[in-house]
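Contents: one structure, followed by commentary.
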Amino acid sequence: MEIISLIYNKGLYQPLFNSIVFFYNLIPGHDFGLAIILVTLLIRIILFPLSRQGIKSRKALEEIQPKLKEIQKKYGDKKEQAAQMMNLYKEHKVSPVSGCLPLLIQLPIIIALYRAFIQVISPSSLALLYPFIKNPGSLNTSFLGMIDLAVPSAILAVIAGVSQFFQSKIMFKTSSSMIGGADRAAGIQKTMNRQMIYFMPLITIFIALKLPAGLPLYWAASTLFGIGEYLLVNKKNEKRRANQKDN
C-alpha cells in the first residue's frame with residue numbers, strides 16, 4: 001500500500017497540484033478557474049490517444065452490431081455465442097471494454113483533483129511545489145471573480161450536468177441507431193439508452209452539488225473537450241471511409 005500511495009502522490013497528485021499552480025501563476029489576473037480549464041485541456045491532450053482509441057472501438061462495435069445480432073440468433077448455446085463473438089471482435093480488432101478505459105482513468109484523476117482543491121486552500125500545502133514552480137504565497141480560488149471554486153456551486157453543478165446530457169445525447173444517439181430489430185431485447189436496450197441520457201446528468205448534478213466547485217468545472221470542461229474529440233475523430237473516420245470508397 002505504501003508503494004501505491006507513493007506512486008499516486010508522486011505520479012498523479014503532486015504533478016496535478018503543481019500544474020494548477022503553474023497555470024495560476026501564468027494567467028494574467030491569476031484566475032483559478034482558468035487554471036483548472038487549462039489543466040483539464042492538458043489532461044485531455046495527454047489522454048487523447050486513449051480517448052481516440054476508445055471512440056474508434058465504440059464506433060467499430062456499433063458497426064458490427066448487426067453481425068452480433070446474427071450470432072445471437074444463429075447460436076443458441078451461450079458458450080458458442082461467446083466464442084463466435086470473440087472471433088468477430090478479433091476479426092475487426094475491437095475490444096468491447098476499450099471504450100470504458102478513458103472513464104476508468106478519469107476516476108483517480110478526479111480523486112487527485114479533489115485532494116488538490118482541498119489542499120490548495122492551505123498555504124502549507126504549497127510546500128509540495130516543485131523548485132521551478134513559483135510559490136504565489138496564497139491562491140485566490142475564484143473563477144472570473146464571481147464563483148468561489150473552493151465551495152459547492154449550484155451553477156457549475158448544473159453546467160456539468162447539462163454538458164453530460166449533451167455528451168450522452170450525442171453518443172447514445174449513434175448507439176441506438178445501430179440497435180436493430182423489434183424484439184424485446186432490442187426494445188429494452190433502446191429504453192435503457194434513453195434513460196441513461198437523462199439519468200446520468202441528474203446524478204452528475206446531485207454529486208457536484210456536494211463537491212468544491214472546482215470539480216464540476218473540471219468535469220464540465222473535460223466533457224466539452226470530450227465532445228469535441230468525439231466529433232473530430234468521427235469526422236476523420238467518415239472522411240477516411242469516403243476516401244476508401246472513392247478508391
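As shown in the C-alpha cells, the chain order sets the letters A, B, ...; within each chain, residues go from 1, and ligands are also counted from 1 in the order they appear.
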
Query raised in the report: Per DSSP on the backbone, what are the helix (DSSP H, G or I) residues of range 29-229 of chain A, as number ranges by chain?
Result: A: 32-63, 65-74, 78-91, 98-119, 123-128, 154-177, 184-208, 214-229

Rows by chain and residue number, range 15-49 of chain A within 10 Å of range 205-215 of chain A, shortest pair, only C-alpha atoms, as CSV:
```
residue,atom,partner,partner_atom,distance
A:Phe32,CA,A:Gly214,CA,8.7
A:Gly33,CA,A:Gly214,CA,7.1
A:Ile36,CA,A:Gly214,CA,7.3
A:Ile37,CA,A:Gly214,CA,9.5
```

Query raised in the report: What is the CA of Ser51 in chain A to CA of Gln84 in chain A distance in Å?
Result: 27.2 Å

Query raised in the report: What is the CA of Lys239 in chain A to CA of His92 in chain A distance in Å?
Result: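 Between CA of Lys239 in chain A and CA of His92 in chain A the gap is 19.3 Å.
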
Query raised in the report: Using only C-alpha atoms, which residue out of A:Pro28, A:Ala112, A:Val94, A:Met200 lies closest to Ser5 in chain A?
Result: A:Ala112

**Report entry** Test item: residues at most 7 Å from range 154-163 of chain A, only C-alpha atoms, excluding those fewer than 4 positions along its chain, as number ranges by chain
**Finding:** A: 167, 201-202, 204-205, 208-209, 213, 216-217, 219-220, 223-224

Query raised in the report: What is the CA of Pro136 in chain A-CA of Leu26 in chain A distance in Å, reported with one decimal?
Result: 10.8 Å

Find the nearest atom pair between each residue of range 55-77 of chain A and range 168-172 of chain A for residues within 10 Å, count only C-alpha atoms, give distances in Å to one decimal, sort rows by chain and ascending number, and present the table as a tab-separated table.
```
residue	atom	partner	partner_atom	distance
A:Ile55	CA	A:Met171	CA	9.6
A:Arg58	CA	A:Met171	CA	9.3
A:Lys59	CA	A:Met171	CA	9.7
```

Counting only C-alpha atoms, which residues of range 36-67 of chain A sit at most 10 Å from some atom of range 71-80 of chain A, and what is each one's closest atom pair with its distance in Å to one decimal, listed by chain and rising residue number, as CSV?
```
residue,atom,partner,partner_atom,distance
A:Gln65,CA,A:Ile71,CA,9.9
A:Pro66,CA,A:Ile71,CA,8.8
A:Lys67,CA,A:Ile71,CA,6.3
```

Output of the above residues as a tab-separated table (two decimals), in the first residue's frame, restricted to C-alpha atoms:
```tsv
chain	number	residue	atom	x	y	z
A	65	GLN	CA	-23.84	-4.75	-34.05
A	66	PRO	CA	-25.89	-6.38	-36.86
A	67	LYS	CA	-23.36	-9.24	-37.06
```

Quick one: pick out all strand (DSSP E or B) residues within range 6-247 of chain A from a backbone DSSP run and write them as a compact mmCIF listing (two decimals) with C-alpha atoms, in the first residue's frame.
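Ended up saving to out-v4.txt:
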```txt
# COMPACT_ATOMS: atom_id res chain seq x y z
CA SER A 142 -12.38 32.50 -7.53
CA PHE A 143 -13.44 31.93 -11.13
CA ILE A 147 -17.61 31.90 -8.22
CA ASP A 148 -15.57 30.54 -5.32
```

Query raised in the report: If we count only C-alpha atoms, what is near Val233 in chain A at a cut-off of 9 Å, once residues fewer than 3 positions away on the same chain are taken out, given as a list in words?
Result: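 In the requested format, the answer is Arg52, Ile55, Lys56, Gly228, Glu229, Tyr230, Lys236, Asn237 and Glu238 of chain A.
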